[in-house]
Amino acid sequence: MAYEYLSVERNGPITILRLSNPPDHTMINAQVEELHQAFDEAESEPDSRIVILTGGSPDIFIKHYEVADILKLAAVVKDLPPTPQDSDDVELHRINQFCLRMEASRLITIAAINGSAGGGGCELAMGCDFRLMKEGGYHFGLFEILAGIIPGAGGTQRFVRLLGTAKALDLILHGTLLSPQEALDLGLVHRVFPASSYEIDVLQFAETLLKRSPIALAAAKRSIHTGSDLWLEQGLKVEQAAFIDCIKSPEAITAMQAYLDGNFESAKGAYPDEPLPIK
């Protein structure tokens with residue numbers, strides 16, 4: 001399928017979605033719909049395992065959500081009565097729906113943040129399983145407060161889950177933009193790679209994940225995302241159910257039996273020789 005605001009590259013089990021909306025490279029509603037469609041395609045491919053989201057511009061991941069689209073939404077809702085914050089009638093915006101479906105998917109998602117990612121761009125990246133940022137004079141953060149609004153695509157929720165209430169309040173209420181190293185030091189991104197080798201490093205990161213068992217990856221991802229919002233005992237039950245799904249898989253049984261037989265190397269095809277180093 002042809003897309004207007006993104007390009008799709010298939011590299012075996014890896015799908016790369018390059019986001020493009022020149023000249024400003026903001027995110028618009030139509031682009032979000034294309035993301036849903038492209039993700040549908042990736043999920044429908046049985047051998048698909050990883051989706052990488054990256055910017056079509058060499059220095060911008062997503063600048064921010066398009067203000068004109070937000071103003072259109074403001075015009076629609078301006079005369080509506082206040083909605084209770086805990087109401088079940090609140091319908092999530094399509095960008096929120098997309099981030100939630102990425103979290104729930106069996107596919108591993110990687111935000112290859114090849115440039116600046118502010119506002120909605122930062123929130124889109126936060127919805128991915130991994131965030132890999134390019135070294136350089138780029139920014140990452142939520143600055144919506146400077147325009148008299150707040151993050152509306154999960155920023156307040158995902159920042160507080162990663163950083164705690166105090167730090168999330170500090171960053172969001174000040175509209176702070178972070179350098180790649182600052183984002184890494186806080187734990188908002190997983191790696192910062194040199195600009196000279198960035199695309200190679202991102203692919204190597206993805207290829208290392210491909211060496212893990214796909215059943216185990218999906219089970220671990222499900223357990224982490226689901227269990228993090230539950231009481232410990234409930235989370236343990238989620239983990240145990242995922243654990244049982246793993247141990248009964250043929251590849252896990254083969255690998256464990258090979259280990260007991262002292263012949264683990266013969267069943268090691270889905271696993272790397274050593275863990276991925278943390279940089």
# chains A, B, ... in the order shown; residues from 1 in each chain; ligands from 1
$ select_by_dssp --residues "region 11-237 of chain A" --states "strand (DSSP E or B)" --output "PyMOL selection string"
chain A and resi 11+14-19+27+50-55+57+60-62+65+108-113+116-118+130-134+140-141+177-178+191-193
$ write_last_selection --atoms "C-alpha atoms" --output "PDB file, in the first residue's frame"
ATOM      1  CA  ASN A  11      13.932  -6.233   5.813  1.00  0.00           C
ATOM      2  CA  ILE A  14      12.119  -6.138  10.522  1.00  0.00           C
ATOM      3  CA  THR A  15       9.734  -3.446   9.293  1.00  0.00           C
ATOM      4  CA  ILE A  16      10.969   0.155   9.192  1.00  0.00           C
ATOM      5  CA  LEU A  17       8.388   2.952   9.177  1.00  0.00           C
ATOM      6  CA  ARG A  18       9.914   6.310   8.190  1.00  0.00           C
ATOM      7  CA  LEU A  19       7.713   9.217   9.216  1.00  0.00           C
ATOM      8  CA  MET A  27       2.646  14.736  13.200  1.00  0.00           C
ATOM      9  CA  ILE A  50      10.207  -5.985  14.950  1.00  0.00           C
ATOM     10  CA  VAL A  51       8.855  -2.590  13.876  1.00  0.00           C
ATOM     11  CA  ILE A  52      11.210   0.389  13.854  1.00  0.00           C
ATOM     12  CA  LEU A  53       9.754   3.906  13.769  1.00  0.00           C
ATOM     13  CA  THR A  54      12.135   6.630  12.639  1.00  0.00           C
ATOM     14  CA  GLY A  55      12.065  10.088  11.119  1.00  0.00           C
ATOM     15  CA  SER A  57      14.291  13.850   8.036  1.00  0.00           C
ATOM     16  CA  ILE A  60      13.920  15.310  13.142  1.00  0.00           C
ATOM     17  CA  PHE A  61      12.057  12.295  14.472  1.00  0.00           C
ATOM     18  CA  ILE A  62       8.760  14.149  14.940  1.00  0.00           C
ATOM     19  CA  TYR A  65       1.967  17.214  16.994  1.00  0.00           C
ATOM     20  CA  ILE A 108       8.795  -5.510  19.451  1.00  0.00           C
ATOM     21  CA  THR A 109       8.691  -1.787  18.686  1.00  0.00           C
ATOM     22  CA  ILE A 110      11.733   0.483  18.515  1.00  0.00           C
ATOM     23  CA  ALA A 111      11.715   4.261  18.271  1.00  0.00           C
ATOM     24  CA  ALA A 112      14.869   5.125  16.338  1.00  0.00           C
ATOM     25  CA  ILE A 113      14.990   8.771  17.407  1.00  0.00           C
ATOM     26  CA  SER A 116      14.541  16.030  17.742  1.00  0.00           C
ATOM     27  CA  ALA A 117      11.365  14.591  19.272  1.00  0.00           C
ATOM     28  CA  GLY A 118       9.178  17.057  21.118  1.00  0.00           C
ATOM     29  CA  PHE A 130      12.727   0.737  23.088  1.00  0.00           C
ATOM     30  CA  ARG A 131      14.026   4.235  22.404  1.00  0.00           C
ATOM     31  CA  LEU A 132      17.399   4.609  20.670  1.00  0.00           C
ATOM     32  CA  MET A 133      18.536   8.205  20.173  1.00  0.00           C
ATOM     33  CA  LYS A 134      21.141   9.679  17.868  1.00  0.00           C
ATOM     34  CA  PHE A 140      13.630  15.182  23.617  1.00  0.00           C
ATOM     35  CA  GLY A 141      10.787  16.165  25.882  1.00  0.00           C
ATOM     36  CA  LEU A 177      13.674  19.756  26.696  1.00  0.00           C
ATOM     37  CA  LEU A 178      16.482  17.251  27.220  1.00  0.00           C
ATOM     38  CA  ARG A 191      20.768   3.974  24.179  1.00  0.00           C
ATOM     39  CA  VAL A 192      22.464   6.953  22.558  1.00  0.00           C
ATOM     40  CA  PHE A 193      24.420   5.952  19.464  1.00  0.00           C
TER      41      PHE A 193
END
$ select_by_dssp --residues "region 10-250 of chain A" --states "alpha helix (DSSP H)" --output "ChimeraX atom specification"
/A:29-44,67-77,94-104,120-126,155-163,165-174,180-186,198-210,214-227,232-247,250
$ residues_around --residues "Ala242 (chain A)" --least-positions-apart "6" --cutoff "9 Å" --atoms "only C-alpha atoms" --output "list in words"
Ala216, Ala218, Ala219, Ala220, Arg222 and Ser223 of chain A
$ write_last_selection --atoms "N, CA and C atoms" --output "PDB file, in the first residue's frame"
ATOM      1  N   ALA A 216       9.211 -16.114  23.883  1.00  0.00           N
ATOM      2  CA  ALA A 216       9.664 -15.557  25.151  1.00  0.00           C
ATOM      3  C   ALA A 216       9.634 -14.032  25.130  1.00  0.00           C
ATOM      4  N   ALA A 218       7.625 -12.046  23.381  1.00  0.00           N
ATOM      5  CA  ALA A 218       6.237 -11.597  23.473  1.00  0.00           C
ATOM      6  C   ALA A 218       5.689 -11.804  24.878  1.00  0.00           C
ATOM      7  N   ALA A 219       6.045 -12.931  25.504  1.00  0.00           N
ATOM      8  CA  ALA A 219       5.554 -13.221  26.852  1.00  0.00           C
ATOM      9  C   ALA A 219       6.138 -12.252  27.874  1.00  0.00           C
ATOM     10  N   ALA A 220       7.433 -11.969  27.768  1.00  0.00           N
ATOM     11  CA  ALA A 220       8.065 -11.029  28.696  1.00  0.00           C
ATOM     12  C   ALA A 220       7.480  -9.631  28.527  1.00  0.00           C
ATOM     13  N   ARG A 222       4.490  -8.822  27.358  1.00  0.00           N
ATOM     14  CA  ARG A 222       3.124  -8.822  27.885  1.00  0.00           C
ATOM     15  C   ARG A 222       3.119  -8.764  29.405  1.00  0.00           C
ATOM     16  N   SER A 223       3.992  -9.541  30.020  1.00  0.00           N
ATOM     17  CA  SER A 223       4.050  -9.589  31.477  1.00  0.00           C
ATOM     18  C   SER A 223       4.467  -8.240  32.062  1.00  0.00           C
TER      19      SER A 223
END
$ atom_distance --atom1 "CA of Pro250 (chain A)" --atom2 "CA of Met102 (chain A)"
26.4 Å
$ residues_around --residues "region 90-94 of chain A" --least-positions-apart "6" --cutoff "10 Å" --atoms "only C-alpha atoms" --output "ChimeraX atom specification"
/A:29,32-33,35-36,83-84,100,152-153
$ write_last_selection --atoms "N, CA and C atoms" --output "mmCIF file, in the first residue's frame"
data_model
loop_
_atom_site.group_PDB
_atom_site.id
_atom_site.type_symbol
_atom_site.label_atom_id
_atom_site.label_comp_id
_atom_site.auth_asym_id
_atom_site.auth_seq_id
_atom_site.Cartn_x
_atom_site.Cartn_y
_atom_site.Cartn_z
ATOM 1 N N ASN A 29 -3.058 14.152 11.941
ATOM 2 C CA ASN A 29 -4.029 13.080 12.127
ATOM 3 C C ASN A 29 -3.957 12.028 11.025
ATOM 4 N N VAL A 32 -1.229 9.569 11.602
ATOM 5 C CA VAL A 32 -1.566 8.578 12.640
ATOM 6 C C VAL A 32 -2.388 7.445 12.041
ATOM 7 N N GLU A 33 -3.330 7.786 11.163
ATOM 8 C CA GLU A 33 -4.140 6.749 10.520
ATOM 9 C C GLU A 33 -3.262 5.843 9.660
ATOM 10 N N LEU A 35 -0.144 5.169 10.237
ATOM 11 C CA LEU A 35 0.588 4.314 11.165
ATOM 12 C C LEU A 35 -0.241 3.096 11.559
ATOM 13 N N HIS A 36 -1.508 3.315 11.820
ATOM 14 C CA HIS A 36 -2.400 2.193 12.143
ATOM 15 C C HIS A 36 -2.431 1.186 10.989
ATOM 16 N N THR A 83 -16.038 17.035 31.171
ATOM 17 C CA THR A 83 -16.182 15.588 31.314
ATOM 18 C C THR A 83 -15.446 15.137 32.567
ATOM 19 N N PRO A 84 -16.118 14.373 33.442
ATOM 20 C CA PRO A 84 -15.399 13.850 34.616
ATOM 21 C C PRO A 84 -14.159 13.072 34.180
ATOM 22 N N LEU A 100 -1.115 2.289 22.571
ATOM 23 C CA LEU A 100 -1.601 1.145 23.341
ATOM 24 C C LEU A 100 -1.518 -0.149 22.530
ATOM 25 N N GLY A 152 -1.013 15.291 25.590
ATOM 26 C CA GLY A 152 -2.307 14.640 25.414
ATOM 27 C C GLY A 152 -2.234 13.276 24.769
ATOM 28 N N ALA A 153 -1.017 12.726 24.635
ATOM 29 C CA ALA A 153 -0.874 11.409 24.004
ATOM 30 C C ALA A 153 -0.059 10.476 24.898
#
